[in-house]
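Structure data (compact mmCIF, C-alpha atoms) from coords_39.txt:
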```txt
# COMPACT_ATOMS: atom_id res chain seq x y z
CA MET W 29 -4.33 12.06 -6.23
CA THR W 30 -4.45 11.40 -9.92
CA GLY W 31 -7.14 11.25 -12.55
CA ASP W 32 -10.75 12.26 -12.16
CA ARG W 33 -10.87 12.01 -8.37
CA SER W 34 -8.63 15.04 -7.85
CA ARG W 35 -9.85 18.59 -7.49
CA PHE W 36 -7.00 19.54 -9.82
CA ARG W 37 -6.78 19.08 -13.54
CA ILE W 38 -3.63 19.79 -15.42
CA GLU W 39 -3.18 20.39 -19.12
CA PRO W 40 -1.13 18.96 -20.66
CA ASN W 41 -1.01 15.86 -18.50
CA PRO W 42 1.75 14.91 -17.95
CA PRO W 43 3.22 18.42 -17.77
CA ILE W 44 6.22 19.12 -19.96
CA SER W 45 9.39 20.69 -18.63
CA GLY W 46 9.93 24.19 -19.99
CA LYS W 47 6.38 24.46 -21.32
CA PRO W 48 3.36 26.14 -19.76
CA ALA W 49 0.86 24.09 -17.83
CA GLU W 50 -2.72 25.18 -17.27
CA ILE W 51 -4.18 24.10 -13.96
CA THR W 52 -7.87 23.98 -13.19
CA TYR W 53 -8.91 23.75 -9.58
CA VAL W 54 -12.47 22.95 -8.56
CA GLY W 55 -12.75 23.09 -4.81
CA PRO W 56 -13.32 25.20 -1.71
CA ALA W 57 -9.84 26.71 -1.24
CA THR W 58 -9.09 30.26 -2.34
CA GLU W 59 -5.35 29.63 -2.40
CA VAL W 60 -3.44 26.56 -3.55
CA GLU W 61 0.23 25.60 -3.76
CA TRP W 62 2.43 23.89 -6.28
CA GLN W 63 5.93 22.52 -5.89
CA VAL W 64 8.46 20.73 -8.07
CA ASP W 65 10.61 18.17 -6.24
CA SER W 66 12.49 19.85 -3.41
CA GLY W 67 11.73 23.37 -4.60
CA LYS W 68 9.90 25.95 -2.54
CA PRO W 69 6.12 25.71 -2.59
CA ILE W 70 4.56 28.45 -4.70
CA LYS W 71 1.24 29.88 -3.51
CA VAL W 72 -1.31 30.78 -6.15
CA LYS W 73 -4.83 32.18 -6.09
CA PRO W 74 -6.79 30.57 -8.92
CA GLY W 75 -9.05 32.84 -10.98
CA LYS W 76 -12.82 32.82 -10.73
CA ASP W 77 -12.94 29.99 -13.21
CA GLY W 78 -10.47 28.07 -11.02
CA LYS W 79 -7.72 28.34 -13.58
CA PHE W 80 -4.13 29.44 -13.28
CA THR W 81 -1.05 28.87 -15.38
CA ILE W 82 2.47 27.78 -14.58
CA PRO W 83 4.27 29.72 -17.33
CA SER W 84 7.16 27.29 -17.61
CA VAL W 85 7.15 23.98 -15.79
CA PRO W 86 10.52 23.69 -14.02
CA SER W 87 12.83 20.82 -14.78
CA GLY W 88 12.41 18.02 -12.28
CA ASP W 89 10.75 14.70 -11.61
CA SER W 90 7.42 15.61 -10.07
CA LEU W 91 4.94 18.45 -10.00
CA MET W 92 2.81 18.42 -6.87
CA LEU W 93 -0.29 20.54 -6.27
CA THR W 94 -2.24 20.87 -3.06
CA ASP W 95 -5.09 22.85 -1.59
CA ASN W 96 -3.99 21.75 1.90
CA ARG W 97 -7.34 20.06 2.45
CA GLY W 98 -6.48 16.43 2.09
CA ILE W 99 -6.09 13.83 -0.60
CA PRO W 100 -8.90 14.95 -2.94
CA GLY W 101 -7.09 18.29 -3.14
CA TYR W 102 -3.74 16.76 -4.04
CA LEU W 103 -2.24 15.99 -7.43
CA HIS W 104 1.09 14.38 -8.17
CA ALA W 105 2.22 14.42 -11.78
CA LYS W 106 5.40 13.14 -13.38
CA ILE W 107 7.12 15.81 -15.48
CA THR W 108 7.97 14.89 -19.04
CA HIS W 109 11.22 16.05 -20.54
CA THR W 110 11.54 16.59 -24.25
CA GLY W 111 14.83 16.93 -26.03
CA MET D 18 85.95 -32.99 14.92
CA ILE D 19 82.85 -32.10 13.02
CA LEU D 20 80.69 -33.62 15.75
CA GLY D 21 82.51 -31.60 18.41
CA HIS D 22 82.04 -28.40 16.44
CA PHE D 23 78.34 -29.17 16.09
CA ARG D 24 78.03 -29.78 19.87
CA ARG D 25 79.72 -26.46 20.57
CA LEU D 26 77.36 -24.66 18.24
CA THR D 27 74.33 -26.38 19.77
CA ASN D 28 75.47 -25.56 23.28
CA GLN D 29 76.02 -21.94 22.30
CA HIS D 30 72.59 -21.84 20.76
CA LEU D 31 70.94 -23.42 23.79
CA ALA D 32 72.86 -21.17 26.07
CA TYR D 33 71.95 -18.09 24.10
CA GLU D 34 69.90 -15.52 25.86
CA PRO D 35 69.24 -12.18 24.31
CA PRO D 36 70.69 -9.29 26.24
CA ALA D 37 68.29 -7.94 28.82
CA ASP D 38 68.08 -4.54 27.12
CA ARG D 39 66.78 -6.20 23.95
CA LEU D 40 64.48 -8.73 25.60
CA GLU D 41 62.63 -6.70 28.19
CA PRO D 42 61.42 -3.84 26.01
CA ARG D 43 60.04 -6.35 23.51
CA LEU D 44 58.18 -8.20 26.26
CA ASP D 45 56.88 -4.94 27.69
CA ARG D 46 55.61 -3.80 24.31
CA ARG D 47 53.94 -7.15 23.70
CA HIS D 48 52.29 -7.07 27.10
CA PHE D 49 51.14 -3.55 26.49
CA MET D 50 49.67 -4.48 23.10
CA PHE D 51 47.87 -7.50 24.53
CA GLY D 52 46.54 -5.37 27.37
CA ALA D 53 45.37 -2.63 25.07
CA ALA D 54 43.72 -5.11 22.71
CA GLY D 55 41.98 -6.77 25.65
CA LEU D 56 40.72 -3.46 26.94
CA LEU D 57 39.53 -2.46 23.49
CA LEU D 58 37.74 -5.77 23.01
CA GLY D 59 36.16 -5.48 26.43
CA ALA D 60 35.01 -1.97 25.70
CA LEU D 61 33.53 -3.07 22.38
CA VAL D 62 31.69 -5.97 24.00
CA VAL D 63 30.24 -3.66 26.63
CA VAL D 64 29.55 -0.56 24.52
CA ALA D 65 28.84 -1.83 20.98
CA PRO D 66 25.45 -3.46 21.66
CA GLY D 67 24.35 -0.28 23.36
CA LEU D 68 25.52 1.83 20.44
CA VAL D 69 23.83 -0.42 17.88
CA SER D 70 20.56 -0.58 19.78
CA ALA D 71 20.69 3.16 20.38
CA HIS D 72 21.19 3.71 16.66
CA VAL D 73 18.33 1.41 15.72
CA GLU D 74 16.15 2.92 18.41
CA ALA D 75 16.94 6.41 17.16
CA ARG D 76 16.06 5.39 13.62
CA ARG D 77 12.88 3.59 14.56
CA THR D 78 11.51 6.07 17.06
CA PRO D 79 13.07 9.46 16.50
CA ASP D 80 12.96 12.04 19.23
CA LEU D 81 9.51 13.46 18.70
CA ASP D 82 10.37 16.87 20.09
CA SER D 83 13.10 17.36 17.50
CA LEU D 84 10.86 16.58 14.53
CA PRO D 85 8.92 19.17 12.58
CA ASP D 86 5.24 19.39 13.55
CA TRP D 87 4.01 17.63 10.43
CA ALA D 88 6.39 14.68 10.97
CA ARG D 89 5.32 14.35 14.61
CA GLU D 90 1.75 14.37 13.41
CA MET D 91 2.55 11.51 11.04
CA LEU D 92 3.85 9.36 13.88
CA THR D 93 1.24 10.13 16.49
CA GLY D 94 -1.80 11.48 14.65
CA PRO D 95 -5.06 9.62 14.14
CA GLU D 96 -5.09 7.28 11.17
CA ASP D 97 -7.76 9.11 9.19
CA HIS D 98 -6.01 12.44 9.48
CA VAL D 99 -2.57 11.04 8.59
CA LEU D 100 -3.97 9.32 5.50
CA LYS D 101 -5.85 12.44 4.49
CA MET D 102 -2.79 14.67 4.65
CA ALA D 103 -0.43 12.25 2.86
CA GLY D 104 0.05 14.56 -0.11
CA ASN D 105 1.19 17.43 2.07
CA TYR D 106 3.61 15.12 3.88
CA GLU D 107 5.05 14.04 0.54
CA MET D 108 5.60 17.66 -0.47
CA ALA D 109 7.19 18.53 2.88
CA ALA D 110 9.51 15.51 2.83
CA ALA D 111 10.61 16.30 -0.72
CA ARG D 112 12.20 19.45 0.69
CA ASP D 113 14.07 17.52 3.38
CA LEU D 114 15.27 14.24 1.90
CA ASP D 115 18.51 14.34 3.92
CA ASP D 116 16.64 13.86 7.18
CA LEU D 117 16.41 10.10 7.60
CA ARG D 118 14.48 10.57 10.85
CA LEU D 119 11.50 11.04 8.57
CA VAL D 120 11.68 7.46 7.26
CA PRO D 121 9.62 5.91 10.11
CA CYS D 122 6.93 8.53 9.45
CA PHE D 123 6.46 7.24 5.91
CA GLU D 124 6.77 3.62 6.99
CA ARG D 125 3.81 4.28 9.28
CA LEU D 126 1.94 6.05 6.49
CA LEU D 127 2.43 3.07 4.17
CA ASP D 128 1.34 0.65 6.89
CA LEU D 129 -1.76 2.72 7.65
CA ALA D 130 -2.62 2.86 3.96
CA ILE D 131 -2.23 -0.89 3.62
CA ASP D 132 -4.45 -1.56 6.60
CA SER D 133 -7.07 0.99 5.63
CA ARG D 134 -10.15 0.39 3.51
CA ALA D 135 -10.70 4.10 2.96
CA GLU D 136 -10.88 5.22 -0.64
CA ILE D 137 -8.00 7.62 -0.18
CA ALA D 138 -5.70 4.85 1.05
CA ASP D 139 -4.48 4.11 -2.45
CA VAL D 140 -3.25 7.63 -3.07
CA ALA D 141 -1.89 7.92 0.47
CA GLY D 142 0.01 4.68 -0.02
CA ALA D 143 1.45 5.96 -3.27
CA CYS D 144 2.65 9.13 -1.49
CA ALA D 145 4.36 6.91 1.10
CA ALA D 146 5.86 4.54 -1.48
CA ARG D 147 7.25 7.37 -3.62
CA THR D 148 8.78 9.09 -0.61
CA LEU D 149 10.30 5.90 0.79
CA GLU D 150 11.80 5.32 -2.64
CA ARG D 151 13.34 8.79 -2.55
CA PHE D 152 14.77 7.99 0.87
CA GLY D 153 16.28 4.80 -0.63
CA ARG D 154 14.05 2.59 1.53
CA ALA D 155 12.67 0.16 -1.02
CA ASP D 156 13.31 -2.53 1.59
CA HIS D 157 10.30 -1.44 3.59
CA ILE D 158 8.13 -1.41 0.49
CA SER D 159 9.35 -4.90 -0.32
CA ARG D 160 8.61 -6.17 3.19
CA ARG D 161 5.04 -4.95 2.86
CA LEU D 162 4.68 -5.85 -0.80
CA GLY D 163 2.87 -9.09 -0.02
CA ALA D 164 0.37 -7.19 2.09
CA ILE D 165 -0.01 -4.52 -0.57
CA LEU D 166 -0.70 -7.03 -3.32
CA ALA D 167 -3.00 -9.07 -1.07
CA HIS D 168 -5.46 -6.16 -1.14
CA LYS D 169 -6.69 -7.16 -4.57
CA ASN D 170 -10.21 -5.96 -3.90
CA LEU D 171 -9.19 -2.69 -2.31
CA PRO D 172 -8.29 0.55 -4.02
CA MET D 173 -4.78 0.06 -2.65
CA THR D 174 -4.03 -2.31 -5.50
CA THR D 175 -3.81 0.34 -8.15
CA GLU D 176 -1.47 3.25 -7.69
CA ALA D 177 0.59 2.38 -4.62
CA ALA D 178 0.98 -1.28 -5.39
CA LEU D 179 2.01 -0.69 -8.96
CA HIS D 180 4.49 1.88 -7.80
CA ALA D 181 5.85 -0.47 -5.13
CA VAL D 182 6.26 -3.29 -7.63
CA LYS D 183 8.01 -0.96 -10.03
CA VAL D 184 10.39 0.25 -7.31
CA VAL D 185 11.35 -3.22 -6.17
CA HIS D 186 11.85 -4.54 -9.69
CA GLU D 187 13.92 -1.54 -10.68
CA ARG D 188 16.13 -1.89 -7.61
CA GLN D 189 16.60 -5.57 -8.28
CA ARG D 190 17.48 -4.86 -11.89
CA LEU D 191 20.09 -2.30 -10.89
CA GLY D 192 21.42 -4.49 -8.10
CA THR D 193 20.93 -1.70 -5.60
CA TYR D 194 18.14 -3.42 -3.77
CA LYS D 195 18.70 -3.29 0.00
```
Translate this file's structure into structure tokens.
Amino acid sequence: MTGDRSRFRIEPNPPISGKPAEITYVGPATEVEWQVDSGKPIKVKPGKDGKFTIPSVPSGDSLMLTDNRGIPGYLHAKITHTG
Amino acid sequence: MILGHFRRLTNQHLAYEPPADRLEPRLDRRHFMFGAAGLLLGALVVVAPGLVSAHVEARRTPDLDSLPDWAREMLTGPEDHVLKMAGNYEMAAARDLDDLRLVPCFERLLDLAIDSRAEIADVAGACAARTLERFGRADHISRRLGAILAHKNLPMTTEAALHAVKVVHERQRLGTYK
């Protein structure tokens, strides 16, 4: 899911490789997952405000986030590479 | 005199027979080679169609029991559920792109998304299109491209269709289109 329909928001969008990305989740799940390409899924518990940070976005093509509750709780974002 | 010499030579030539020890092994070897080639050809005629159909069958309908649960769910699960979980399938497949048995799962997902009028079909279709691209199966996207683009009034036209068009054009540009 992309854009306003997703329960996830990501800042900056698109995320930048090697830079932090702040994720905001607004939804019912207490735990969500993110994954870059074929990497292992990383489980995260968002804070009370629904926010969590990926300190350094790994190098890769795609960042995927899910709350395991279907398409509204899914975000696919292309990773930007600078320099 | 010259004519007589020529006759003698011709007679010698006509009368020539290779010694038995040189002739028979050659004939035996030739017979053996013909026999072996015939057997091989026969075996290919009998076995090859079976092998090809078995291969295609295995690719089209993988052994369900050997698939991970989520992939089995993609092939046999109810349409609504499969569309809903498309994102999770994309994430799972990204970790297992060597397993081409998963291709039919995403072919089904794309087909379901194309045929669905649900709002999530667009995103589900995009998950399928991206994953099929990673599997190198732009051919399936291309086959369904007409159907994808025909859904001009459905949400399918945005994300998945644009991605499908991009994939096919890129493959054609690179000459790697299957």
Counting all atoms listed in the file, collect the residues of chain W whose closest atom lies at most 7 Å from chain D, and write them out as a ChimeraX atom specification.
/W:29,65-67,96,98-99,102
Any chance you could export the current selection's C-alpha atoms as a PDB file, in the frame of the given file?
```pdb
ATOM      1  CA  MET W  29      -4.330  12.060  -6.230  1.00  0.00           C
ATOM      2  CA  ASP W  65      10.610  18.170  -6.240  1.00  0.00           C
ATOM      3  CA  SER W  66      12.490  19.850  -3.410  1.00  0.00           C
ATOM      4  CA  GLY W  67      11.730  23.370  -4.600  1.00  0.00           C
ATOM      5  CA  ASN W  96      -3.990  21.750   1.900  1.00  0.00           C
ATOM      6  CA  GLY W  98      -6.480  16.430   2.090  1.00  0.00           C
ATOM      7  CA  ILE W  99      -6.090  13.830  -0.600  1.00  0.00           C
ATOM      8  CA  TYR W 102      -3.740  16.760  -4.040  1.00  0.00           C
TER       9      TYR W 102
END
```
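Distance annotation: of D:Glu90, D:Leu84, D:Ala145, D:Ser133, the residue with the minimal separation from D:Arg118 is D:Leu84; atom set is only C-alpha atoms.
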Within 7 Å of stretch 48-60 of chain W, counting all atoms listed in the file, which residues show up once you throw out same-chain ones fewer than 3 positions away? Write them as an NGL selection string, please.
:W and (35-40 or 43 or 71-74 or 78-85 or 94-95)
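Atom CA of D:Ile158 sits 24.7 Å away from atom CA of D:Asp86.
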Closest of D:Pro79, D:Glu124, D:Asp97, D:Arg151 to W:Asp89 - atom-to-atom distances counting only C-alpha atoms:
D:Arg151
Please indicate the distance in Å from atom CA of D:Leu117 to atom CA of D:Gly142, rounded to one decimal place.
18.9 Å
